[in-house]
file final_10.cif (mmCIF, C-alpha atoms)
data_data
loop_
_atom_site.label_atom_id
_atom_site.label_comp_id
_atom_site.auth_asym_id
_atom_site.auth_seq_id
_atom_site.Cartn_x
_atom_site.Cartn_y
_atom_site.Cartn_z
CA MET A 25 -3.63 -12.53 -15.71
CA THR A 26 -5.43 -9.19 -16.15
CA ASP A 27 -3.60 -6.76 -18.41
CA TYR A 28 -2.11 -3.78 -16.60
CA GLY A 29 -3.72 -1.37 -19.05
CA GLU A 30 -3.74 2.39 -18.36
CA HIS A 31 -2.24 3.37 -15.03
CA LYS A 32 -2.72 6.73 -13.35
CA PRO A 33 -0.18 7.32 -10.59
CA VAL A 34 -1.80 9.18 -7.71
CA LEU A 35 -0.63 12.58 -6.43
CA LEU A 36 1.95 12.66 -9.21
CA GLU A 37 2.49 16.43 -9.40
CA GLU A 38 2.54 16.68 -5.62
CA CYS A 39 5.21 13.97 -5.40
CA LEU A 40 7.34 15.72 -8.03
CA GLU A 41 7.08 18.98 -6.10
CA PHE A 42 7.58 17.82 -2.51
CA LEU A 43 10.33 15.31 -3.39
CA LYS A 44 12.17 17.67 -5.74
CA PRO A 45 15.89 16.86 -5.27
CA GLU A 46 18.07 19.55 -3.72
CA ASN A 47 21.52 18.02 -4.19
CA ASN A 48 23.58 18.45 -7.33
CA PRO A 49 22.60 16.15 -10.22
CA PRO A 50 22.66 13.39 -11.25
CA PHE A 51 20.25 11.94 -8.72
CA SER A 52 19.45 8.47 -7.42
CA TYR A 53 15.83 7.39 -7.04
CA LEU A 54 14.12 4.42 -5.41
CA ASP A 55 10.47 3.45 -5.90
CA ALA A 56 9.63 1.10 -3.05
CA THR A 57 6.37 -0.01 -4.71
CA PHE A 58 7.10 0.04 -8.45
CA GLY A 59 3.72 -1.25 -9.68
CA ALA A 60 3.13 -0.10 -13.26
CA GLY A 61 6.07 2.31 -13.10
CA GLY A 62 4.16 5.58 -13.46
CA HIS A 63 5.86 7.49 -10.67
CA THR A 64 9.31 6.26 -11.69
CA LEU A 65 8.84 7.32 -15.31
CA ALA A 66 7.66 10.80 -14.27
CA PHE A 67 10.67 11.39 -11.99
CA ILE A 68 13.08 10.27 -14.71
CA LYS A 69 11.46 12.63 -17.22
CA LYS A 70 11.41 15.55 -14.77
CA TYR A 71 14.79 15.29 -13.10
CA ASP A 72 18.30 14.17 -13.97
CA ILE A 73 18.02 10.66 -12.53
CA ALA A 74 21.22 8.72 -13.19
CA GLN A 75 20.04 5.44 -11.74
CA ALA A 76 16.68 4.25 -10.43
CA VAL A 77 15.68 1.18 -8.46
CA GLY A 78 12.16 -0.22 -8.38
CA LEU A 79 10.91 -2.76 -5.85
CA ASP A 80 7.77 -4.88 -6.00
CA GLN A 81 6.73 -8.09 -4.24
CA ASP A 82 4.11 -8.93 -6.89
CA SER A 83 5.46 -11.26 -9.58
CA GLU A 84 2.93 -9.89 -12.09
CA ALA A 85 4.31 -6.37 -11.60
CA ILE A 86 7.82 -7.71 -12.20
CA LYS A 87 6.73 -9.38 -15.45
CA ASN A 88 5.01 -6.19 -16.59
CA SER A 89 8.08 -4.10 -15.76
CA GLN A 90 10.14 -5.89 -18.42
CA SER A 91 7.95 -4.65 -21.27
CA PHE A 92 7.46 -1.26 -19.57
CA LEU A 93 11.20 -0.61 -19.36
CA LYS A 94 11.75 -1.72 -22.94
CA GLU A 95 8.93 0.44 -24.30
CA ASN A 96 10.34 3.52 -22.54
CA GLY A 97 14.02 2.82 -23.27
CA LEU A 98 14.86 2.48 -19.57
CA GLU A 99 16.50 -0.95 -19.45
CA ASP A 100 19.90 0.58 -18.56
CA LYS A 101 18.54 3.22 -16.18
CA VAL A 102 16.07 1.30 -13.98
CA LYS A 103 16.71 -1.89 -12.05
CA VAL A 104 13.51 -3.62 -10.90
CA ILE A 105 13.83 -6.13 -8.07
CA HIS A 106 11.27 -8.72 -6.96
CA THR A 107 11.20 -8.11 -3.23
CA ASN A 108 9.15 -6.69 -0.39
CA TYR A 109 10.47 -3.23 0.47
CA GLU A 110 11.04 -4.23 4.10
CA ASP A 111 13.36 -7.04 3.00
CA TYR A 112 15.25 -4.70 0.67
CA PHE A 113 15.85 -1.96 3.23
CA SER A 114 16.88 -4.44 5.90
CA LYS A 115 19.54 -5.93 3.59
CA GLU A 116 20.63 -2.98 1.43
CA SER A 117 20.98 -0.34 4.12
CA GLU A 118 24.38 0.78 2.80
CA GLU A 119 22.89 2.12 -0.45
CA LYS A 120 21.75 5.75 -0.28
CA PHE A 121 19.23 7.67 -2.40
CA ASP A 122 18.27 11.26 -3.12
CA ILE A 123 14.60 10.34 -3.48
CA ILE A 124 12.60 7.45 -2.03
CA LEU A 125 8.89 7.07 -2.75
CA ALA A 126 6.50 4.43 -1.40
CA ASP A 127 2.91 4.25 -2.71
CA ILE A 128 1.69 1.68 -0.22
CA GLY A 129 -1.30 -0.62 -0.11
CA VAL A 130 -2.99 -2.66 -2.80
CA SER A 131 -2.47 -1.68 -6.44
CA SER A 132 -5.21 -0.95 -8.96
CA HIS A 133 -4.05 -3.96 -10.96
CA GLN A 134 -4.44 -6.27 -7.97
CA PHE A 135 -7.96 -4.97 -7.31
CA ASP A 136 -8.85 -5.39 -10.99
CA SER A 137 -7.52 -8.96 -11.28
CA PRO A 138 -10.42 -11.27 -10.29
CA GLU A 139 -8.17 -14.28 -9.75
CA ARG A 140 -6.20 -12.46 -7.03
CA GLY A 141 -9.21 -12.45 -4.69
CA PHE A 142 -8.77 -8.89 -3.41
CA SER A 143 -12.17 -7.57 -4.42
CA PHE A 144 -15.74 -8.72 -3.87
CA ARG A 145 -16.65 -7.17 -7.23
CA TYR A 146 -15.73 -10.56 -8.69
CA ASP A 147 -16.49 -14.11 -7.64
CA ALA A 148 -13.07 -15.66 -7.15
CA GLU A 149 -11.07 -17.75 -4.72
CA LEU A 150 -10.16 -15.89 -1.53
CA ASP A 151 -6.45 -15.14 -1.79
CA MET A 152 -5.27 -11.52 -1.23
CA ARG A 153 -1.55 -12.32 -1.24
CA MET A 154 0.48 -9.50 -2.76
CA ASP A 155 3.46 -11.83 -2.89
CA GLN A 156 2.05 -15.09 -4.21
CA SER A 157 5.07 -17.04 -3.04
CA LYS A 158 3.87 -16.56 0.55
CA GLU A 159 1.84 -19.35 2.13
CA LEU A 160 -0.81 -17.53 4.18
CA SER A 161 -3.93 -16.63 2.18
CA ALA A 162 -7.21 -15.02 3.16
CA LYS A 163 -8.97 -18.36 2.67
CA GLU A 164 -6.76 -20.01 5.27
CA VAL A 165 -7.36 -17.20 7.78
CA ILE A 166 -11.14 -17.32 7.31
CA ASN A 167 -11.33 -21.10 7.65
CA THR A 168 -8.81 -21.81 10.43
CA TYR A 169 -8.62 -18.83 12.78
CA SER A 170 -10.73 -18.77 15.93
CA LYS A 171 -13.83 -16.64 16.36
CA GLU A 172 -11.95 -14.29 18.67
CA GLU A 173 -8.96 -13.97 16.34
CA LEU A 174 -11.16 -13.14 13.36
CA ALA A 175 -13.14 -10.56 15.31
CA ASP A 176 -9.94 -8.87 16.47
CA ILE A 177 -8.60 -8.71 12.90
CA PHE A 178 -11.82 -7.19 11.56
CA PHE A 179 -12.07 -4.70 14.42
CA HIS A 180 -8.46 -3.54 14.69
CA LEU A 181 -7.45 -3.61 11.02
CA GLY A 182 -10.80 -2.79 9.43
CA GLU A 183 -12.38 -0.72 12.20
CA GLU A 184 -15.46 -2.91 11.65
CA LYS A 185 -18.06 -2.31 14.37
CA PHE A 186 -19.93 -5.53 13.53
CA SER A 187 -16.74 -7.60 13.75
CA ARG A 188 -18.06 -10.06 16.32
CA ARG A 189 -21.28 -10.67 14.45
CA ILE A 190 -19.36 -11.28 11.20
CA SER A 191 -16.93 -13.68 12.91
CA ASP A 192 -19.84 -15.54 14.53
CA ILE A 193 -21.51 -16.16 11.17
CA ILE A 194 -18.20 -17.17 9.53
CA CYS A 195 -17.63 -19.81 12.20
CA GLU A 196 -21.20 -21.07 11.91
CA GLN A 197 -20.96 -21.28 8.13
CA ARG A 198 -17.62 -23.06 7.96
CA LEU A 199 -18.97 -25.88 10.13
CA LYS A 200 -21.21 -26.72 7.16
CA SER A 201 -18.66 -26.12 4.39
CA LYS A 202 -15.42 -24.23 3.80
CA ILE A 203 -15.67 -20.57 2.82
CA GLU A 204 -13.62 -20.40 -0.35
CA THR A 205 -14.73 -17.47 -2.50
CA THR A 206 -15.00 -13.70 -2.30
CA LYS A 207 -18.74 -13.79 -2.94
CA GLU A 208 -19.31 -16.25 -0.09
CA LEU A 209 -17.55 -13.93 2.32
CA GLU A 210 -19.29 -10.87 0.89
CA ASP A 211 -22.66 -12.54 1.46
CA ILE A 212 -21.80 -13.29 5.08
CA CYS A 213 -20.79 -9.68 5.72
CA PHE A 214 -23.90 -8.35 3.98
CA HIS A 215 -26.28 -10.40 6.10
CA ALA A 216 -24.34 -9.69 9.30
CA TYR A 217 -25.30 -6.03 9.01
CA PRO A 218 -28.69 -4.75 10.19
CA LYS A 219 -31.13 -4.53 7.26
CA LYS A 220 -31.30 -0.74 7.41
CA MET A 221 -27.50 -0.50 6.99
CA ARG A 222 -26.98 -2.98 4.15
CA PHE A 223 -27.35 -0.45 1.34
CA CYS A 224 -25.36 2.47 2.69
CA LYS A 225 -22.56 4.18 0.74
CA THR A 226 -19.93 1.80 2.15
CA HIS A 227 -20.64 -1.85 1.35
CA PRO A 228 -20.89 -4.10 4.45
CA ALA A 229 -17.96 -6.23 3.22
CA THR A 230 -15.54 -3.33 2.63
CA ARG A 231 -13.92 -3.17 6.06
CA THR A 232 -13.69 -6.93 6.48
CA PHE A 233 -11.94 -7.31 3.11
CA GLN A 234 -9.59 -4.45 3.98
CA ALA A 235 -8.73 -6.01 7.33
CA LEU A 236 -8.06 -9.42 5.80
CA ARG A 237 -5.80 -7.97 3.12
CA ILE A 238 -3.83 -5.95 5.65
CA TYR A 239 -3.44 -8.97 7.90
CA VAL A 240 -2.45 -11.45 5.18
CA ASN A 241 0.25 -9.10 3.89
CA ASP A 242 1.27 -7.68 7.30
CA GLU A 243 0.98 -4.25 5.70
CA LEU A 244 1.05 -2.18 8.87
CA GLY A 245 3.90 -4.17 10.41
CA VAL A 246 5.99 -3.85 7.25
CA LEU A 247 5.35 -0.11 7.16
CA LYS A 248 6.25 0.42 10.83
CA ARG A 249 9.49 -1.52 10.56
CA SER A 250 10.52 0.03 7.25
CA ILE A 251 10.14 3.77 7.79
CA PRO A 252 13.22 4.17 10.02
CA GLN A 253 15.23 2.08 7.55
CA MET A 254 14.04 4.21 4.62
CA VAL A 255 15.16 7.38 6.39
CA LYS A 256 18.58 5.80 7.04
CA CYS A 257 18.87 5.13 3.31
CA LEU A 258 18.51 8.81 2.38
CA LYS A 259 21.53 10.79 1.33
CA ALA A 260 22.09 14.11 3.12
CA GLY A 261 19.53 16.41 1.50
CA GLY A 262 17.47 13.42 0.36
CA LYS A 263 13.70 13.14 0.68
CA LEU A 264 11.27 10.32 1.51
CA GLY A 265 7.62 10.43 0.48
CA ILE A 266 4.94 7.94 1.52
CA ILE A 267 1.47 7.77 0.00
CA SER A 268 -1.13 6.04 2.18
CA PHE A 269 -4.76 5.19 1.47
CA HIS A 270 -6.47 4.76 4.81
CA SER A 271 -6.29 6.21 8.29
CA LEU A 272 -4.41 3.28 9.88
CA GLU A 273 -1.51 3.73 7.47
CA ASP A 274 -1.52 7.53 7.68
CA ARG A 275 -1.43 7.46 11.48
CA ILE A 276 1.67 5.26 11.40
CA VAL A 277 3.46 7.51 8.91
CA LYS A 278 2.54 10.66 10.85
CA ARG A 279 3.60 9.18 14.20
CA LEU A 280 6.91 7.73 13.01
CA PHE A 281 7.89 10.85 11.07
CA LYS A 282 7.20 12.89 14.23
CA GLU A 283 9.17 10.50 16.46
CA LEU A 284 12.13 10.41 14.09
CA TYR A 285 12.14 14.21 13.83
CA GLN A 286 11.89 14.72 17.61
CA ASN A 287 14.81 12.33 18.15
CA ASP A 288 17.01 14.03 15.55
CA GLN A 289 15.86 17.58 14.83
CA GLU A 290 19.32 18.58 13.66
CA HIS A 291 19.26 16.15 10.74
CA LEU A 292 15.57 15.78 9.83
CA LYS A 293 12.79 18.06 8.64
CA ILE A 294 9.12 17.18 8.09
CA LEU A 295 8.09 18.70 4.75
CA THR A 296 4.32 18.18 5.09
CA LYS A 297 2.71 19.78 8.15
CA ARG A 298 -0.54 18.20 7.01
CA PRO A 299 -1.02 15.31 4.60
CA VAL A 300 -1.13 16.40 0.97
CA VAL A 301 -4.32 15.28 -0.78
CA ALA A 302 -5.52 15.23 -4.37
CA ASP A 303 -7.25 18.27 -5.86
CA LYS A 304 -10.74 18.21 -7.35
CA ASP A 305 -9.54 17.54 -10.91
CA GLU A 306 -7.54 14.49 -9.90
CA THR A 307 -10.27 12.98 -7.74
CA GLU A 308 -12.71 13.33 -10.63
CA ASN A 309 -10.32 11.75 -13.15
CA ASN A 310 -8.82 9.12 -10.85
CA PRO A 311 -11.24 7.89 -8.13
CA ARG A 312 -8.45 5.96 -6.35
CA SER A 313 -6.82 9.28 -5.46
CA ARG A 314 -9.74 10.32 -3.23
CA SER A 315 -8.32 8.61 -0.16
CA ALA A 316 -4.63 9.15 -0.98
CA LYS A 317 -2.45 11.13 1.45
CA LEU A 318 1.19 12.08 0.92
CA ARG A 319 3.60 12.82 3.76
CA ALA A 320 7.26 13.67 3.23
CA ILE A 321 10.39 14.01 5.34
CA GLN A 322 13.92 15.20 4.47
CA LYS A 323 17.38 14.37 5.77
CA LEU A 324 19.13 17.72 6.09
CA VAL A 325 22.61 18.68 4.96
CA VAL A 326 24.43 19.71 8.15
CA ASN A 327 27.68 21.63 7.81
#

call {"tool": "encode", "arguments": {"input": "final_10.cif", "output": "structure tokens"}}
result
Amino acid sequence: MTDYGEHKPVLLEECLEFLKPENNPPFSYLDATFGAGGHTLAFIKKYDIAQAVGLDQDSEAIKNSQSFLKENGLEDKVKVIHTNYEDYFSKESEEKFDIILADIGVSSHQFDSPERGFSFRYDAELDMRMDQSKELSAKEVINTYSKEELADIFFHLGEEKFSRRISDIICEQRLKSKIETTKELEDICFHAYPKKMRFCKTHPATRTFQALRIYVNDELGVLKRSIPQMVKCLKAGGKLGIISFHSLEDRIVKRLFKELYQNDQEHLKILTKRPVVADKDETENNPRSRSAKLRAIQKLVVN
């Protein structure tokens, strides 16, 4: 297992500002994607958080959280639960929070762990499961799904314009032998692109790997189903912030926030007219923040 090492939570100051609690302290806080705990620690240091809950579906994040909480003296203040945030909000809808934050998508640790098979930077077994207790892996999708199914995944979830060409080559290749590693899939994507486009800024495998990861973890479906439940779990005056990392996620957040607001303008307020993005200093110091977008919504106190 790759060590978690230094973790830089994205859009940290922006989250602290836009999700600043407006009720009387002490406050309750929920981090729907706990990860390395950076956002949670910052909110506890900044505001009078009486009790915090952290959720994560990755067993490695749960293991890391034990030492993280001990090192920061937070064992009694933060409860970390091994669960997907959709499952939590569907079961714990009676619990209310002043602040809910979700930093969605793949974590830096998952990208940097070769054995997890998220990145083509390393030669590893195709996996991509955020929750390793789940059965469906990227390797199974690549080797068992039809040509049409693969093309649709690459096109709709990766916005890959060469999706059909990539799926054609995958199906040709797997007739000879199973496609089992990240480098095998990367090579297929590379050679599916026209020669003049193989060395552009975006690597030919980027969108295919993104699409596979999103599909294996049902990331967009989980997000769509969870946002209304998250809003229900806000206290009056409470705020929800969601950080997304690509346009498919951001569109969902924008659309659902707008729909929820239009259906209940008396009780809801959108706090971010436009997505909040990282400033120049942060993008230079933390490259992952370049694509990050924060949107926030508040449940109003109505007299």

call {"tool": "residues_near_point", "arguments": {"input": "final_10.cif", "point": "(15.6, 12.7, 11.4)", "cutoff": "9 Å", "atoms": "all atoms listed in the file", "output": "PyMOL selection string"}}
result
chain A and resi 252+255-256+281-294+321-324

call {"tool": "write_last_selection", "arguments": {"input": "final_10.cif", "atoms": "C-alpha atoms", "output": "tab-separated table (two decimals), in the frame of the given file"}}
result
chain	number	residue	atom	x	y	z
A	252	PRO	CA	13.22	4.17	10.02
A	255	VAL	CA	15.16	7.38	6.39
A	256	LYS	CA	18.58	5.80	7.04
A	281	PHE	CA	7.89	10.85	11.07
A	282	LYS	CA	7.20	12.89	14.23
A	283	GLU	CA	9.17	10.50	16.46
A	284	LEU	CA	12.13	10.41	14.09
A	285	TYR	CA	12.14	14.21	13.83
A	286	GLN	CA	11.89	14.72	17.61
A	287	ASN	CA	14.81	12.33	18.15
A	288	ASP	CA	17.01	14.03	15.55
A	289	GLN	CA	15.86	17.58	14.83
A	290	GLU	CA	19.32	18.58	13.66
A	291	HIS	CA	19.26	16.15	10.74
A	292	LEU	CA	15.57	15.78	9.83
A	293	LYS	CA	12.79	18.06	8.64
A	294	ILE	CA	9.12	17.18	8.09
A	321	ILE	CA	10.39	14.01	5.34
A	322	GLN	CA	13.92	15.20	4.47
A	323	LYS	CA	17.38	14.37	5.77
A	324	LEU	CA	19.13	17.72	6.09

call {"tool": "atom_distance", "arguments": {"input": "final_10.cif", "atom1": "CA of Leu280 in chain A", "atom2": "CA of Ser250 in chain A"}}
result
10.3 Å

call {"tool": "closest_residue", "arguments": {"input": "final_10.cif", "among": "A:Val77, A:Ile123, A:Ala216, A:Leu93", "to": "Glu46 in chain A", "atoms": "all atoms listed in the file"}}
result
A:Ile123

call {"tool": "residues_around", "arguments": {"input": "final_10.cif", "residues": "Leu258 in chain A", "least_positions_apart": "6", "cutoff": "8 Å", "atoms": "all atoms listed in the file", "output": "NGL selection string"}}
result
:A and (120-124 or 264 or 323)

call {"tool": "residues_around", "arguments": {"input": "final_10.cif", "residues": "Glu110 in chain A", "least_positions_apart": "4", "cutoff": "10 Å", "atoms": "all atoms listed in the file", "output": "PDB file with C-alpha atoms, in the frame of the given file"}}
result
ATOM      1  CA  ALA A  56       9.630   1.100  -3.050  1.00  0.00           C
ATOM      2  CA  SER A 114      16.880  -4.440   5.900  1.00  0.00           C
ATOM      3  CA  LYS A 115      19.540  -5.930   3.590  1.00  0.00           C
ATOM      4  CA  GLY A 245       3.900  -4.170  10.410  1.00  0.00           C
ATOM      5  CA  VAL A 246       5.990  -3.850   7.250  1.00  0.00           C
ATOM      6  CA  LEU A 247       5.350  -0.110   7.160  1.00  0.00           C
ATOM      7  CA  LYS A 248       6.250   0.420  10.830  1.00  0.00           C
ATOM      8  CA  ARG A 249       9.490  -1.520  10.560  1.00  0.00           C
ATOM      9  CA  SER A 250      10.520   0.030   7.250  1.00  0.00           C
ATOM     10  CA  ILE A 251      10.140   3.770   7.790  1.00  0.00           C
ATOM     11  CA  GLN A 253      15.230   2.080   7.550  1.00  0.00           C
ATOM     12  CA  MET A 254      14.040   4.210   4.620  1.00  0.00           C
TER      13      MET A 254
END

call {"tool": "residues_near_point", "arguments": {"input": "final_10.cif", "point": "(17.8, 6.1, -13.4)", "cutoff": "10 Å", "atoms": "all atoms listed in the file", "output": "MDAnalysis selection string"}}
result
chainID A and resid 50:54 64:65 67:69 71:78 98:103

call {"tool": "atom_distance", "arguments": {"input": "final_10.cif", "atom1": "CA of Ser161 in chain A", "atom2": "CA of Arg188 in chain A"}}
result
21.0 Å

call {"tool": "residues_around", "arguments": {"input": "final_10.cif", "residues": "Thr57 in chain A", "least_positions_apart": "5", "cutoff": "9 Å", "atoms": "only C-alpha atoms", "output": "ChimeraX atom specification"}}
result
/A:78-81,108-109,125-129

call {"tool": "atom_distance", "arguments": {"input": "final_10.cif", "atom1": "CA of Ala229 in chain A", "atom2": "CA of Ile276 in chain A"}}
result
24.2 Å

call {"tool": "closest_residue", "arguments": {"input": "final_10.cif", "among": "A:Cys195, A:Val277, A:Ile203, A:Ile190", "to": "Ala148 in chain A", "atoms": "all atoms listed in the file"}}
result
A:Ile203

call {"tool": "resolve_selection", "arguments": {"input": "final_10.cif", "expression": "the PyMOL selection byres ((chain A and resi 316) around 8)", "output": "mmCIF file with C-alpha atoms, in the frame of the given file"}}
result
data_model
loop_
_atom_site.group_PDB
_atom_site.id
_atom_site.type_symbol
_atom_site.label_atom_id
_atom_site.label_comp_id
_atom_site.auth_asym_id
_atom_site.auth_seq_id
_atom_site.Cartn_x
_atom_site.Cartn_y
_atom_site.Cartn_z
ATOM 1 C CA VAL A 34 -1.800 9.180 -7.710
ATOM 2 C CA LEU A 35 -0.630 12.580 -6.430
ATOM 3 C CA ILE A 267 1.470 7.770 0.000
ATOM 4 C CA SER A 268 -1.130 6.040 2.180
ATOM 5 C CA PHE A 269 -4.760 5.190 1.470
ATOM 6 C CA HIS A 270 -6.470 4.760 4.810
ATOM 7 C CA VAL A 301 -4.320 15.280 -0.780
ATOM 8 C CA ALA A 302 -5.520 15.230 -4.370
ATOM 9 C CA ARG A 312 -8.450 5.960 -6.350
ATOM 10 C CA SER A 313 -6.820 9.280 -5.460
ATOM 11 C CA ARG A 314 -9.740 10.320 -3.230
ATOM 12 C CA SER A 315 -8.320 8.610 -0.160
ATOM 13 C CA LYS A 317 -2.450 11.130 1.450
ATOM 14 C CA LEU A 318 1.190 12.080 0.920
#

call {"tool": "resolve_selection", "arguments": {"input": "final_10.cif", "expression": "the PyMOL selection byres ((chain A and resi 153) around 9)", "output": "list in words"}}
result
Asp82, Arg140, Gly141, Phe142, Asp151, Met152, Met154, Asp155, Gln156, Ser157, Lys158, Glu159, Leu160, Ser161, Ala162, Arg237, Val240 and Asn241 of chain A

call {"tool": "residues_around", "arguments": {"input": "final_10.cif", "residues": "range 181-185 of chain A", "least_positions_apart": "6", "cutoff": "9 Å", "atoms": "only C-alpha atoms", "output": "mmCIF file with C-alpha atoms, in the coordinates of the input"}}
result
data_model
loop_
_atom_site.group_PDB
_atom_site.id
_atom_site.type_symbol
_atom_site.label_atom_id
_atom_site.label_comp_id
_atom_site.auth_asym_id
_atom_site.auth_seq_id
_atom_site.Cartn_x
_atom_site.Cartn_y
_atom_site.Cartn_z
ATOM 1 C CA ALA A 175 -13.140 -10.560 15.310
ATOM 2 C CA THR A 230 -15.540 -3.330 2.630
ATOM 3 C CA ARG A 231 -13.920 -3.170 6.060
ATOM 4 C CA THR A 232 -13.690 -6.930 6.480
ATOM 5 C CA PHE A 233 -11.940 -7.310 3.110
ATOM 6 C CA GLN A 234 -9.590 -4.450 3.980
ATOM 7 C CA ALA A 235 -8.730 -6.010 7.330
ATOM 8 C CA LEU A 236 -8.060 -9.420 5.800
ATOM 9 C CA ILE A 238 -3.830 -5.950 5.650
ATOM 10 C CA TYR A 239 -3.440 -8.970 7.900
ATOM 11 C CA LEU A 244 1.050 -2.180 8.870
ATOM 12 C CA LEU A 272 -4.410 3.280 9.880
#
